Amino acid sequence: MTATAPTYPSVAPIAPPALLLDGITKTYRSKAGAVDALRGVTYHFARGSFTAVMGPSGSGKSTLLQCAAGLDQPTAGNVVLNGVPLRGLNEVQLTKLRRSEMGFVFQAYNLLPSLSVYDNVALPVRLTGRRPARNDVLRVLDQVGLDGKAKRRPAELSGGQQQRVAIARALITQPSVFFADEPTGALDSGTSRQVLRLLREATDRAGQTVVMVTHDPASAAYADRVLFLSDGLLAGHLNHATPPQIAAAMNELQR
Ligand SMILES: Nc1ncnc2c1ncn2[C@@H]1O[C@H](COP(=O)(O)OP(=O)(O)OP(=O)(O)O)[C@@H](O)[C@H]1O
């Protein structure tokens with residue numbers, strides 16, 4: 001009789017969260033003293049989720065985004081992006097990871113004024129040492145509703161169009177995580193909605209992860225979850241909340 005090997009049910013590998021903040025503390029030291037901007041924040045951002053981060057002024061939102069994106073080093077704790085701890089990386093490795101895995105959409109669009117819209121969008125690909133495919137650049141411009149504007153310079157576009165160029169530039173490398181800091185701060189409400197829909201589509205269609213800092217309850221309502229920060233700590237969250245629910249939670253925090 002031959003022994004048969006035992007069979008085991010196949011177990012799907014558990015994917016790491018897109019982004020893990022593991023006990024992040026950030027203390028700024030200056031002559032005036034020390035400020036604890038983040039005080040041991042732990043949070044998993046699931047792949048394909050859209051999270052808004054809110055909180056009173058000075059609660060640590062920008063610091064959280066800067067640390068999560070590897071633009072600033074936490075004083076303690078670790079940030080893990082797709083299973084890779086940022087703390088172990090040197091500046092070159094970090095820059096490479098940022099260029100391939102992260103997309104940035106900030107309030108200041110940071111477009112290069114002397115380059116055409118096409119070249120601004122192609123730039124992140126060039127920075128990775130590759131030649132951008134013309135069709136890829138035109139496809140993302142089409143995706144953000146800017147087909148036909150490729151030859152313009154940023155100054156020849158409206159604020160909303162410039163922000164959409166910034167989003168196209170973030171989309172071109174197909175990053176796994178988008179970091180957005182007040183992406184609609186300078187835009188009118190109609191244009192803001194277009195920009196927020198693009199971020200929403202990035203999660204719904206492409207399974208990308210969005211982390212967005214905002215002061216605006218209407219913008220935050222586009223997210224699956226709103227995380228509230230208060231005094232450097234997570235103070236709670238709301239899922240699939242409406243703008244009035246978010247505004248009420250903010251009022252509660254500010255009391
Ligand atoms: N470079 C720095 N040096 C010293 N303190 C800083 C520095 N950056 C931020 N802080 C302090 O850390 C705390 C958190 O700041 P942070 O900018 O993260 O808050 P925020 O929630 O984004 O605020 P806002 O909504 O006003 O933009 C604040 O007390 C701030 O004064």
# chains A, B, ... in the order shown; residues from 1 in each chain; ligands from 1

call {"tool": "residues_near_ligand", "arguments": {"ligand": "ligand 1", "cutoff": "6 Å", "atoms": "only C-alpha atoms and all ligand atoms", "output": "PyMOL selection string"}}
result
chain A and resi 28+35+37+56-63

call {"tool": "residues_around", "arguments": {"residues": "Ser114 (chain A)", "least_positions_apart": "3", "cutoff": "10 Å", "atoms": "only C-alpha atoms", "output": "list in words"}}
result
Leu111, Val117, Asp119, Asn120, Arg153, Pro154 and Ala155 of chain A

call {"tool": "select_by_dssp", "arguments": {"residues": "region 78-197 of chain A", "states": "alpha helix (DSSP H)", "output": "ChimeraX atom specification"}}
result
/A:91-101,117-127,134-143,159-171,189-197

call {"tool": "closest_residue", "arguments": {"among": "A:Ala168, A:Ala150, A:Leu64, A:Leu71", "to": "Leu97 (chain A)", "atoms": "only C-alpha atoms"}}
result
A:Leu71

call {"tool": "select_by_dssp", "arguments": {"residues": "region 50-228 of chain A", "states": "strand (DSSP E)", "output": "PyMOL selection string"}}
result
chain A and resi 50-54+76-81+84-85+102-106+177-181+209-213+225-228

call {"tool": "closest_residue", "arguments": {"among": "A:Ala122, A:Val79, A:Met102, A:Leu187", "to": "Gln208 (chain A)", "atoms": "only C-alpha atoms"}}
result
A:Met102
